[in-house]
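Shown next: protein.csv, given as CSV, C-alpha atoms.
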chain,number,residue,atom,x,y,z
A,9,MET,CA,2.0,40.9,-19.2
A,10,VAL,CA,2.3,43.8,-16.9
A,11,SER,CA,5.9,42.9,-16.2
A,12,LEU,CA,6.6,42.9,-19.9
A,13,SER,CA,5.2,46.3,-20.5
A,14,VAL,CA,7.2,47.7,-17.6
A,15,LEU,CA,10.4,46.2,-19.0
A,16,ILE,CA,9.8,47.6,-22.4
A,17,ILE,CA,10.0,51.0,-20.9
A,18,VAL,CA,12.8,50.4,-18.5
A,19,GLU,CA,15.2,47.9,-20.1
A,20,PRO,CA,14.0,46.5,-23.5
A,21,ASN,CA,17.2,44.4,-24.2
A,22,LEU,CA,16.7,42.5,-20.9
A,23,ILE,CA,13.5,40.8,-22.1
A,24,ILE,CA,14.7,38.2,-24.5
A,25,ASN,CA,17.9,37.5,-22.5
A,26,THR,CA,15.9,36.9,-19.4
A,27,MET,CA,13.5,34.6,-21.2
A,28,ILE,CA,16.2,32.5,-22.7
A,29,ASP,CA,18.3,32.3,-19.5
A,30,GLN,CA,15.2,31.2,-17.6
A,31,SER,CA,14.4,28.7,-20.2
A,32,LYS,CA,17.9,27.2,-20.0
A,33,ASP,CA,17.4,26.9,-16.2
A,34,VAL,CA,14.2,25.0,-16.8
A,35,VAL,CA,16.0,22.6,-19.2
A,36,GLU,CA,18.5,21.9,-16.4
A,37,LEU,CA,15.7,21.5,-13.9
A,38,CYS,CA,13.9,19.1,-16.2
A,39,ILE,CA,16.9,16.9,-16.7
A,40,SER,CA,17.3,16.5,-12.9
A,41,LEU,CA,13.6,16.0,-12.6
A,42,LEU,CA,13.8,13.3,-15.3
A,43,ALA,CA,16.2,11.4,-13.1
A,44,ILE,CA,14.3,12.0,-9.9
A,45,TYR,CA,11.0,11.0,-11.4
A,46,ALA,CA,12.5,7.9,-13.0
A,47,VAL,CA,13.6,6.7,-9.5
A,48,TRP,CA,10.3,7.5,-7.8
A,49,LEU,CA,8.1,6.2,-10.6
A,50,GLY,CA,10.1,3.0,-10.5
A,51,ILE,CA,9.6,2.7,-6.8
A,52,LEU,CA,5.9,3.5,-7.1
A,53,GLU,CA,5.5,0.8,-9.7
A,54,ILE,CA,6.9,-1.8,-7.2
A,55,VAL,CA,4.5,-0.5,-4.6
A,56,ASP,CA,1.7,-0.8,-7.1
A,57,GLN,CA,2.5,-4.3,-8.3
A,58,SER,CA,3.2,-5.7,-4.9
A,59,GLY,CA,-0.4,-4.8,-3.8
A,60,LEU,CA,0.9,-2.5,-1.1
A,61,GLY,CA,-0.7,0.4,-2.9
A,62,ASP,CA,-4.1,-1.1,-2.6
A,63,LYS,CA,-3.6,-1.6,1.1
A,64,LEU,CA,-2.5,2.0,1.5
A,65,ALA,CA,-5.4,3.2,-0.5
A,66,LYS,CA,-7.8,1.1,1.7
A,67,LEU,CA,-6.3,2.6,4.8
A,68,LEU,CA,-6.6,6.2,3.6
A,69,SER,CA,-9.8,5.9,1.6
A,70,PRO,CA,-12.3,6.9,4.4
A,71,ILE,CA,-10.5,10.2,4.8
A,72,ILE,CA,-9.9,10.7,1.0
A,73,LYS,CA,-13.6,9.9,0.2
A,74,LYS,CA,-14.7,12.6,2.7
A,75,LEU,CA,-12.2,15.2,1.7
A,76,PHE,CA,-12.3,14.7,-2.1
A,77,LYS,CA,-15.8,13.5,-2.7
A,78,ILE,CA,-14.7,10.8,-5.1
A,79,ASN,CA,-15.3,7.1,-5.3
A,80,ASP,CA,-13.1,5.7,-8.0
A,81,ALA,CA,-10.6,3.2,-6.8
A,82,GLN,CA,-7.8,4.2,-9.2
A,83,GLN,CA,-8.1,7.9,-8.2
A,84,ILE,CA,-8.1,7.1,-4.5
A,85,LYS,CA,-5.0,5.1,-5.0
A,86,TYR,CA,-3.0,7.8,-6.7
A,87,ILE,CA,-4.2,10.5,-4.2
A,88,SER,CA,-3.2,8.3,-1.3
A,89,TYR,CA,0.3,7.9,-2.8
A,90,ASN,CA,0.5,11.6,-3.2
A,91,ILE,CA,-0.6,12.4,0.3
A,92,SER,CA,1.5,9.8,2.0
A,93,SER,CA,4.7,10.9,0.2
A,94,ASN,CA,3.8,14.5,1.1
A,95,ILE,CA,3.6,13.7,4.8
A,96,LEU,CA,6.8,11.7,4.6
A,97,GLY,CA,8.5,14.9,3.2
A,98,LEU,CA,9.2,13.3,-0.1
A,99,GLY,CA,8.3,16.2,-2.3
A,100,ASN,CA,9.9,14.6,-5.3
A,101,ALA,CA,7.8,11.5,-5.0
A,102,SER,CA,4.6,13.3,-4.5
A,103,THR,CA,4.7,15.2,-7.8
A,104,PRO,CA,4.7,12.2,-10.1
A,105,SER,CA,1.8,10.6,-8.2
A,106,GLY,CA,0.0,13.9,-8.1
A,107,ILE,CA,0.3,14.3,-11.9
A,108,LYS,CA,-1.0,10.7,-12.3
A,109,ALA,CA,-3.9,11.5,-10.0
A,110,ILE,CA,-4.8,14.6,-12.0
A,111,LYS,CA,-4.5,12.7,-15.4
A,112,CYS,CA,-6.7,10.0,-14.0
A,113,MET,CA,-9.4,12.5,-12.8
A,114,GLU,CA,-9.3,14.4,-16.0
A,115,LYS,CA,-11.1,11.5,-17.7
A,116,ASP,CA,-14.2,12.1,-15.8
A,117,LEU,CA,-14.4,15.8,-15.2
A,118,LYS,CA,-18.0,15.9,-14.2
A,119,HIS,CA,-17.4,14.2,-10.8
A,120,THR,CA,-13.8,15.3,-10.1
A,121,ARG,CA,-13.8,19.1,-10.5
A,122,PHE,CA,-13.8,19.6,-6.7
A,123,ALA,CA,-11.3,16.8,-6.1
A,124,MET,CA,-8.8,18.3,-8.5
A,125,LEU,CA,-9.0,21.7,-6.7
A,126,MET,CA,-8.7,19.9,-3.4
A,127,LEU,CA,-5.6,18.1,-4.5
A,128,LEU,CA,-4.0,21.3,-5.6
A,129,VAL,CA,-4.8,23.1,-2.4
A,130,ILE,CA,-3.4,20.3,-0.2
A,131,ASN,CA,-0.3,20.0,-2.3
A,132,SER,CA,0.4,23.7,-2.4
A,133,THR,CA,-0.1,24.4,1.2
A,134,GLY,CA,2.5,21.7,1.9
A,135,ILE,CA,2.1,19.5,4.9
A,136,GLN,CA,5.5,18.3,5.8
A,137,LEU,CA,6.7,16.5,8.9
A,138,LEU,CA,10.4,16.8,8.5
A,139,PRO,CA,11.7,19.9,6.7
A,140,THR,CA,15.1,18.2,6.1
A,141,THR,CA,16.6,20.7,3.7
A,142,ILE,CA,16.0,23.6,6.0
A,143,ILE,CA,17.3,21.8,9.1
A,144,GLY,CA,20.4,21.0,7.0
A,145,LEU,CA,20.8,24.7,6.1
A,146,ARG,CA,20.5,25.8,9.7
A,147,ALA,CA,23.0,23.2,10.9
A,148,ALA,CA,25.5,24.3,8.2
A,149,ALA,CA,25.1,27.9,9.3
A,150,GLY,CA,26.2,26.9,12.8
A,151,SER,CA,22.9,26.8,14.6
A,152,ASP,CA,22.9,25.4,18.2
A,153,THR,CA,19.5,23.8,17.8
A,154,PRO,CA,18.9,23.3,14.1
A,155,SER,CA,15.8,21.2,14.6
A,156,ASP,CA,13.9,23.5,16.9
A,157,ILE,CA,11.9,24.8,14.0
A,158,ILE,CA,10.2,21.5,13.4
A,159,LEU,CA,7.4,22.1,15.8
A,160,PRO,CA,6.5,25.6,14.6
A,161,THR,CA,6.7,24.4,11.0
A,162,ILE,CA,4.3,21.5,11.6
A,163,ILE,CA,1.8,23.5,13.6
A,164,SER,CA,1.7,26.4,11.2
A,165,SER,CA,1.4,24.1,8.1
A,166,VAL,CA,-1.3,22.0,9.7
A,167,VAL,CA,-3.3,25.1,10.7
A,168,ALA,CA,-2.9,26.7,7.2
A,169,THR,CA,-3.8,23.5,5.4
A,170,SER,CA,-6.9,23.0,7.5
A,171,ILE,CA,-8.1,26.6,7.0
A,172,CYS,CA,-7.5,26.3,3.3
A,173,VAL,CA,-9.4,23.0,3.1
A,174,LEU,CA,-12.3,24.6,5.0
A,175,LEU,CA,-12.2,27.6,2.7
A,176,LEU,CA,-12.4,25.3,-0.3
A,177,PHE,CA,-15.5,23.6,1.2
A,178,VAL,CA,-17.1,27.0,1.7
A,179,TYR,CA,-16.3,27.9,-1.9
A,180,LYS,CA,-17.9,24.7,-3.0
A,181,LYS,CA,-21.1,25.5,-1.1
A,182,PHE,CA,-21.4,28.9,-2.7
A,183,LYS,CA,-20.5,27.8,-6.2
A,184,LYS,CA,-22.0,24.3,-6.0
A,185,ILE,CA,-19.3,22.4,-7.8
B,184,MET,CA,17.8,9.3,12.6
B,185,SER,CA,15.6,10.6,9.8
B,186,ALA,CA,18.3,9.6,7.3
B,187,TYR,CA,17.5,6.0,7.9
B,188,ILE,CA,13.7,6.1,7.5
B,189,ILE,CA,13.6,6.2,3.7
B,190,PRO,CA,16.3,3.5,3.0
B,191,ILE,CA,14.7,1.2,5.6
B,192,LEU,CA,11.3,1.7,4.0
B,193,LEU,CA,12.8,0.9,0.6
B,194,ILE,CA,14.4,-2.3,1.8
B,195,LEU,CA,11.1,-3.4,3.4
B,196,LEU,CA,9.3,-2.6,0.1
B,197,ILE,CA,11.7,-4.8,-1.9
B,198,VAL,CA,11.5,-7.6,0.5
B,199,TYR,CA,7.8,-7.4,0.5
B,200,GLY,CA,7.8,-7.3,-3.3
B,201,VAL,CA,9.9,-10.5,-3.5
B,202,TYR,CA,7.7,-12.2,-1.0
B,203,LYS,CA,4.6,-11.3,-3.1
B,204,LYS,CA,6.4,-12.8,-6.1
B,205,VAL,CA,6.7,-9.5,-8.0
B,206,ASN,CA,9.5,-9.1,-10.5
B,207,VAL,CA,10.9,-6.1,-8.7
B,208,TYR,CA,13.5,-5.3,-11.3
B,209,SER,CA,11.2,-5.2,-14.3
B,210,ALA,CA,8.5,-3.4,-12.2
B,211,PHE,CA,11.0,-0.7,-11.4
B,212,CYS,CA,12.0,-0.3,-15.1
B,213,GLN,CA,8.4,-0.2,-16.2
B,214,GLY,CA,7.7,2.7,-13.9
B,215,ALA,CA,10.9,4.5,-14.6
B,216,LYS,CA,10.1,4.4,-18.4
B,217,ASN,CA,7.2,6.8,-17.8
B,218,SER,CA,9.5,9.5,-16.6
B,219,PHE,CA,10.3,10.7,-20.1
B,220,ASP,CA,6.6,11.1,-21.1
B,221,LEU,CA,5.9,12.9,-17.8
B,222,ILE,CA,8.7,15.4,-18.3
B,223,LYS,CA,7.8,15.9,-22.0
B,224,GLY,CA,4.3,16.7,-20.9
B,225,ILE,CA,5.1,19.3,-18.2
B,226,PHE,CA,8.2,20.9,-19.8
B,227,PRO,CA,6.4,23.6,-21.9
B,228,TYR,CA,4.3,24.7,-18.9
B,229,ILE,CA,7.3,25.0,-16.6
B,230,VAL,CA,9.1,27.1,-19.1
B,231,ALA,CA,6.1,29.4,-19.5
B,232,ILE,CA,5.5,29.9,-15.8
B,233,MET,CA,9.2,30.3,-15.0
B,234,ILE,CA,9.6,33.0,-17.7
B,235,CYS,CA,6.7,34.9,-16.2
B,236,VAL,CA,8.2,34.7,-12.8
B,237,ALA,CA,11.6,35.8,-14.0
B,238,LEU,CA,10.2,38.8,-16.0
B,239,PHE,CA,8.2,39.7,-12.9
B,240,ARG,CA,11.4,39.8,-10.8
B,241,VAL,CA,13.6,41.5,-13.3
B,242,SER,CA,11.1,44.2,-14.1
B,243,GLY,CA,11.2,45.3,-10.4
B,244,LEU,CA,7.5,44.8,-9.9
B,245,GLY,CA,8.4,42.3,-7.2
B,246,THR,CA,10.2,44.9,-5.2
B,247,VAL,CA,7.3,47.3,-5.6
B,248,LEU,CA,4.9,44.6,-4.3
B,249,VAL,CA,7.1,44.0,-1.3
B,250,GLN,CA,7.2,47.6,-0.4
B,251,PHE,CA,3.4,47.8,-0.8
B,252,LEU,CA,2.6,44.8,1.3
B,253,SER,CA,5.2,44.9,4.0
B,254,PRO,CA,3.2,47.4,6.3
B,255,LEU,CA,0.2,45.1,6.0
B,256,PHE,CA,2.3,42.0,6.9
B,257,SER,CA,3.9,43.8,9.9
B,258,LEU,CA,0.4,44.3,11.2
B,259,LEU,CA,-0.1,40.6,11.1
B,260,GLY,CA,3.1,40.0,13.1
B,261,ILE,CA,5.4,39.1,10.2
B,262,PRO,CA,8.8,40.8,10.6
B,263,LYS,CA,9.5,43.0,7.6
B,264,GLU,CA,12.8,41.3,7.0
B,265,VAL,CA,11.1,38.2,5.9
B,266,CYS,CA,8.2,39.8,3.9
B,267,GLU,CA,10.2,39.3,0.7
B,268,LEU,CA,10.5,35.6,1.5
B,269,VAL,CA,6.7,35.2,2.0
B,270,LEU,CA,6.1,36.8,-1.3
B,271,LEU,CA,8.9,35.0,-3.2
B,272,LYS,CA,8.1,31.5,-2.0
B,273,PRO,CA,5.0,30.9,-4.1
B,274,PHE,CA,7.0,31.7,-7.2
B,275,THR,CA,10.3,30.0,-6.9
B,276,GLY,CA,11.8,27.3,-4.8
B,277,SER,CA,15.5,27.9,-5.6
B,278,GLY,CA,15.1,31.7,-5.4
B,279,SER,CA,13.6,31.5,-2.0
B,280,ILE,CA,16.3,29.0,-0.8
B,281,SER,CA,19.0,31.5,-1.7
B,282,LEU,CA,17.1,34.3,0.0
B,283,LEU,CA,16.8,32.1,3.1
B,284,GLU,CA,20.5,31.5,3.1
B,285,ASP,CA,21.0,35.2,2.8
B,286,ILE,CA,18.7,35.9,5.8
B,287,ILE,CA,20.4,33.2,7.9
B,288,SER,CA,23.9,34.5,7.3
B,289,ARG,CA,22.9,38.1,7.9
B,290,TYR,CA,21.0,37.7,11.1
B,291,GLY,CA,22.5,34.4,12.5
B,292,ALA,CA,20.9,31.0,12.4
B,293,ASP,CA,19.4,31.2,15.9
B,294,SER,CA,18.0,34.7,15.6
B,295,TYR,CA,14.2,35.2,15.7
B,296,ILE,CA,14.2,36.5,12.1
B,297,ALA,CA,16.0,33.5,10.8
B,298,ARG,CA,13.8,31.1,12.7
B,299,CYS,CA,10.7,32.8,11.3
B,300,ALA,CA,12.2,32.6,7.8
B,301,CYS,CA,12.9,28.9,8.2
B,302,THR,CA,9.4,28.2,9.4
B,303,ILE,CA,7.9,30.1,6.6
B,304,MET,CA,10.1,28.2,4.1
B,305,GLY,CA,9.1,24.8,5.6
B,306,SER,CA,5.4,25.4,5.9
B,307,SER,CA,4.6,26.7,2.5
B,308,GLU,CA,5.0,25.6,-1.1
B,309,THR,CA,5.8,27.0,-4.5
B,310,VAL,CA,2.1,27.4,-5.5
B,311,PHE,CA,2.6,28.6,-9.0
B,312,TYR,CA,5.1,25.9,-9.9
B,313,VAL,CA,3.0,23.1,-8.3
B,314,SER,CA,-0.1,24.3,-10.2
B,315,ALA,CA,1.7,24.6,-13.5
B,316,VAL,CA,3.1,21.1,-13.2
B,317,TYR,CA,0.0,19.4,-11.9
B,318,PHE,CA,-2.4,21.0,-14.3
B,319,ALA,CA,-0.1,20.8,-17.4
B,320,GLY,CA,-2.5,20.7,-20.4
B,321,SER,CA,-5.6,20.6,-18.3
B,322,LYS,CA,-8.6,22.7,-19.1
B,323,GLN,CA,-9.8,22.8,-15.6
B,324,LYS,CA,-10.2,26.3,-14.1
B,325,ILE,CA,-8.0,26.4,-11.0
B,326,THR,CA,-8.0,30.1,-10.1
B,327,PRO,CA,-10.0,29.5,-6.9
B,328,ALA,CA,-7.6,26.9,-5.7
B,329,ILE,CA,-4.6,29.1,-6.4
B,330,THR,CA,-6.1,32.0,-4.5
B,331,ILE,CA,-6.9,29.8,-1.5
B,332,SER,CA,-3.4,28.4,-1.6
B,333,LEU,CA,-1.7,31.8,-1.7
B,334,LEU,CA,-3.9,32.9,1.2
B,335,GLY,CA,-2.7,29.7,2.9
B,336,GLY,CA,0.9,30.8,2.5
B,337,VAL,CA,0.2,34.0,4.3
B,338,ILE,CA,-1.8,32.2,7.0
B,339,SER,CA,1.1,29.7,7.6
B,340,ALA,CA,3.5,32.6,7.7
B,341,VAL,CA,1.5,34.4,10.4
B,342,PHE,CA,1.2,31.3,12.5
B,343,GLY,CA,4.8,30.4,11.9
B,344,CYS,CA,6.0,33.7,13.3
B,345,LEU,CA,3.7,33.5,16.2
B,346,MET,CA,4.9,30.0,17.0
B,347,CYS,CA,8.5,31.1,16.8
B,348,ARG,CA,7.8,33.7,19.4
B,349,ILE,CA,6.1,31.2,21.8
B,350,ILE,CA,8.3,28.2,21.4
Represent the structure from my file as C-alpha cells, please.
Amino acid sequence: MVSLSVLIIVEPNLIINTMIDQSKDVVELCISLLAIYAVWLGILEIVDQSGLGDKLAKLLSPIIKKLFKINDAQQIKYISYNISSNILGLGNASTPSGIKAIKCMEKDLKHTRFAMLMLLVINSTGIQLLPTTIIGLRAAAGSDTPSDIILPTIISSVVATSICVLLLFVYKKFKKI
Amino acid sequence: MSAYIIPILLILLIVYGVYKKVNVYSAFCQGAKNSFDLIKGIFPYIVAIMICVALFRVSGLGTVLVQFLSPLFSLLGIPKEVCELVLLKPFTGSGSISLLEDIISRYGADSYIARCACTIMGSSETVFYVSAVYFAGSKQKITPAITISLLGGVISAVFGCLMCRII
C-alpha cells in the first residue's frame, strides 16, 4: 500500500508494468514448482504407502507432541515429513508436506492454532544441515574452502530457531492460545 | 559425498516399497497427480505477495529501509555491506541469491564479508514467501509467527557473523 502511493508520486507508469512482469515471473516459478512438487509428492506417496511414513512419525512423535501440542496421527505424520526433509536440506520436498500438514490442521482449528504457528516459525527460520546451493556458488567463485561456512550456518540457524521456538512459547503463555 | 545421499535414500525407498508389496509406480503417479491442485491453490497467493515485494523494491522504499536500519545492524556486529541481504532475504529467494553472487564477486569468495553473506543466506528463509504458500487460503492469523520469524532472521545473521569471526 505504502509502496503504491510512493510510486504514484514518483513513477506512475512503472506500477502496472512491475505488477505484470512480476506476475509473469510467478507463472514461470509455478511451472517449475509444478514439476518439482510432482516428483516429491510422488516420492512422498511411496513413503506413505510403504508404511515408512508411520515409522518416521513414530520416531519423531515424542518431540513433535511436545513442540506442537497436538495428538492427531495424521498431523504428526505430515509434520514429521516436513521436518525431516527440512533437516535433509530438501527445501522443495518440505513445502508440499508442509502445505498438507496445514490443510490437515485447518480441519480442527480449535486445537491446532498453536501448532500452525509453530510449523511456520520452524519452516521460516530454516534449519538446514547442508546449504548445497551456497557451497556450489562459493566453489564456482573460486573459493579455497567452499564448505567452511557449514559450521557457522548450522550453529546460527540452530540458535535462531531455538530462540524463535522459545519466543513462540512465551507468546503462547501470554495470549493463551 | 553429499551428492550421493539423496539418490541412495531413493533407491533404498524403492527397494523397501517393493519388499512391502507396494505398487511403487502407481503410488508415485497417485502422489504426483496432486501437484496440479497444490499449485492451483497457492498460485494466486504467490502472485499477490510477489507483486507487493516487487512494488516495495521498485518504489525505493527498500533502499530507504536499508539506510535506516544499517547503523542499527552495525551495532549488532553485522557488516554494513551485507545489511541489504539480511533485509532482502525474507522477501525473495532469487533476488537474494543474485545479491549474494554480487557480494561474492565484489569482495572475493573467501573474504569475511562474503562468508558472512553466505552464512546469512544459508541460515535464514524467505519468510513472506513461505507464509504465503503455507497459509494460502487459510483464515488463521499468522502475524505473531511472521514477526518472530523475521526476528529470527536477524538473530541468525548476528550469530552467523559472530561465528564467521571465530571460526
What are the closest atom pairs, with distances in Å to one decimal, for all residues of chain A lying within 6 Å of chain B? Consider only C-alpha atoms, order rows by chain and residue number, and present the result as a Markdown table.
| residue | atom | partner | partner_atom | distance |
| --- | --- | --- | --- | --- |
| A:Ser11 | CA | B:Phe239 | CA | 5.1 |
| A:Leu15 | CA | B:Ser242 | CA | 5.3 |
| A:Met27 | CA | B:Ile234 | CA | 5.5 |
| A:Gln30 | CA | B:Ile234 | CA | 5.9 |
| A:Ser31 | CA | B:Val230 | CA | 5.6 |
| A:Val34 | CA | B:Val230 | CA | 6.0 |
| A:Leu42 | CA | B:Ser218 | CA | 5.9 |
| A:Tyr45 | CA | B:Ser218 | CA | 5.6 |
| A:Ala46 | CA | B:Ala215 | CA | 4.1 |
| A:Leu49 | CA | B:Gly214 | CA | 4.8 |
| A:Gly50 | CA | B:Phe211 | CA | 3.9 |
| A:Ile51 | CA | B:Phe211 | CA | 5.9 |
| A:Glu53 | CA | B:Gly214 | CA | 5.1 |
| A:Ile54 | CA | B:Ala210 | CA | 5.5 |
| A:Ser58 | CA | B:Gly200 | CA | 5.1 |
| A:Ile107 | CA | B:Tyr317 | CA | 5.1 |
| A:Leu125 | CA | B:Ala328 | CA | 5.5 |
| A:Val129 | CA | B:Ser332 | CA | 5.5 |
| A:Ser132 | CA | B:Val310 | CA | 5.1 |
| A:Thr133 | CA | B:Ser307 | CA | 5.4 |
| A:Gly134 | CA | B:Ser307 | CA | 5.5 |
| A:Pro139 | CA | B:Gly305 | CA | 5.7 |
| A:Arg146 | CA | B:Ala292 | CA | 5.9 |
| A:Ser151 | CA | B:Ala292 | CA | 5.1 |
| A:Pro160 | CA | B:Met346 | CA | 5.3 |
| A:Thr161 | CA | B:Thr302 | CA | 4.9 |
| A:Ser164 | CA | B:Ser339 | CA | 4.9 |
| A:Ser165 | CA | B:Ser306 | CA | 4.7 |
| A:Ala168 | CA | B:Ser339 | CA | 5.0 |
| A:Cys172 | CA | B:Gly335 | CA | 5.9 |
*Select, from A:Ile87, A:Ile143, A:Ile163, A:Leu75, the residue with the minimum atom-to-atom distance to A:Phe177, counting only C-alpha atoms.*
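Using only C-alpha atoms, the shortest distance to A:Phe177 belongs to A:Leu75.
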_Calculated over all atoms listed in the file, which of the candidates B:Ile296, B:Val198, B:Leu255, B:Leu282 has the smallest distance to B:Glu267?_
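Between B:Ile296, B:Val198, B:Leu255, B:Leu282, the residue approaching B:Glu267 most closely is B:Leu282.
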*Between A:Ile71, A:Ile158, A:Ala149, A:Leu52, which has the minimum distance to A:Ser105 (counting only C-alpha atoms)?*
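Checking each candidate against A:Ser105, we get A:Leu52 as the closest.
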*Quote the spacing between atom CA of A:Leu159 and atom CA of A:Leu138 in Å to one decimal place.*
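Between these atoms lies a distance of 9.5 Å.
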*Between B:Val247, B:Gly224, B:Tyr187, B:Lys263, which has the minimum distance to A:Pro104 (counting all atoms listed in the file)?*
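Closest to A:Pro104 of all the choices is B:Gly224.
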_Selected residue of minimal separation from A:Pro70 among A:Asn25, A:Thr120, A:Ser88, A:Gln82, counting only C-alpha atoms_ =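 Counting only C-alpha atoms, the residue closest to A:Pro70 is A:Ser88.
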*May I ask which of the residues A:Gly106, A:Pro154, A:Gly59, A:Gly144 is the closest one to A:Ser92, counting all atoms listed in the file?*
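Counting all atoms listed in the file, the residue closest to A:Ser92 is A:Gly106.
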Contacts of A:Ile84 at 12 Å (only C-alpha atoms; same-chain gap of 5+ positions) as a CSV table (one decimal) with C-alpha atoms, in the coordinates of the input:
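Output file out_20.csv follows:
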chain,number,residue,atom,x,y,z
A,61,GLY,CA,-0.7,0.4,-2.9
A,62,ASP,CA,-4.1,-1.1,-2.6
A,63,LYS,CA,-3.6,-1.6,1.1
A,64,LEU,CA,-2.5,2.0,1.5
A,65,ALA,CA,-5.4,3.2,-0.5
A,66,LYS,CA,-7.8,1.1,1.7
A,67,LEU,CA,-6.3,2.6,4.8
A,68,LEU,CA,-6.6,6.2,3.6
A,69,SER,CA,-9.8,5.9,1.6
A,70,PRO,CA,-12.3,6.9,4.4
A,71,ILE,CA,-10.5,10.2,4.8
A,72,ILE,CA,-9.9,10.7,1.0
A,73,LYS,CA,-13.6,9.9,0.2
A,74,LYS,CA,-14.7,12.6,2.7
A,75,LEU,CA,-12.2,15.2,1.7
A,76,PHE,CA,-12.3,14.7,-2.1
A,77,LYS,CA,-15.8,13.5,-2.7
A,78,ILE,CA,-14.7,10.8,-5.1
A,79,ASN,CA,-15.3,7.1,-5.3
A,89,TYR,CA,0.3,7.9,-2.8
A,90,ASN,CA,0.5,11.6,-3.2
A,91,ILE,CA,-0.6,12.4,0.3
A,92,SER,CA,1.5,9.8,2.0
A,105,SER,CA,1.8,10.6,-8.2
A,106,GLY,CA,0.0,13.9,-8.1
A,108,LYS,CA,-1.0,10.7,-12.3
A,109,ALA,CA,-3.9,11.5,-10.0
A,110,ILE,CA,-4.8,14.6,-12.0
A,112,CYS,CA,-6.7,10.0,-14.0
A,113,MET,CA,-9.4,12.5,-12.8
A,120,THR,CA,-13.8,15.3,-10.1
A,123,ALA,CA,-11.3,16.8,-6.1
A,124,MET,CA,-8.8,18.3,-8.5
A,127,LEU,CA,-5.6,18.1,-4.5
*asked:* Between atom CA of A:Ile142 and atom CA of B:Gly278, what is the distance in Å, rounded to a tenth?
replied: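 These atoms are spaced 14.0 Å apart.
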*Enter the distance from atom CA of A:Ile162 to atom CA of B:Pro262, in Å, rounded to one decimal.*
19.8 Å
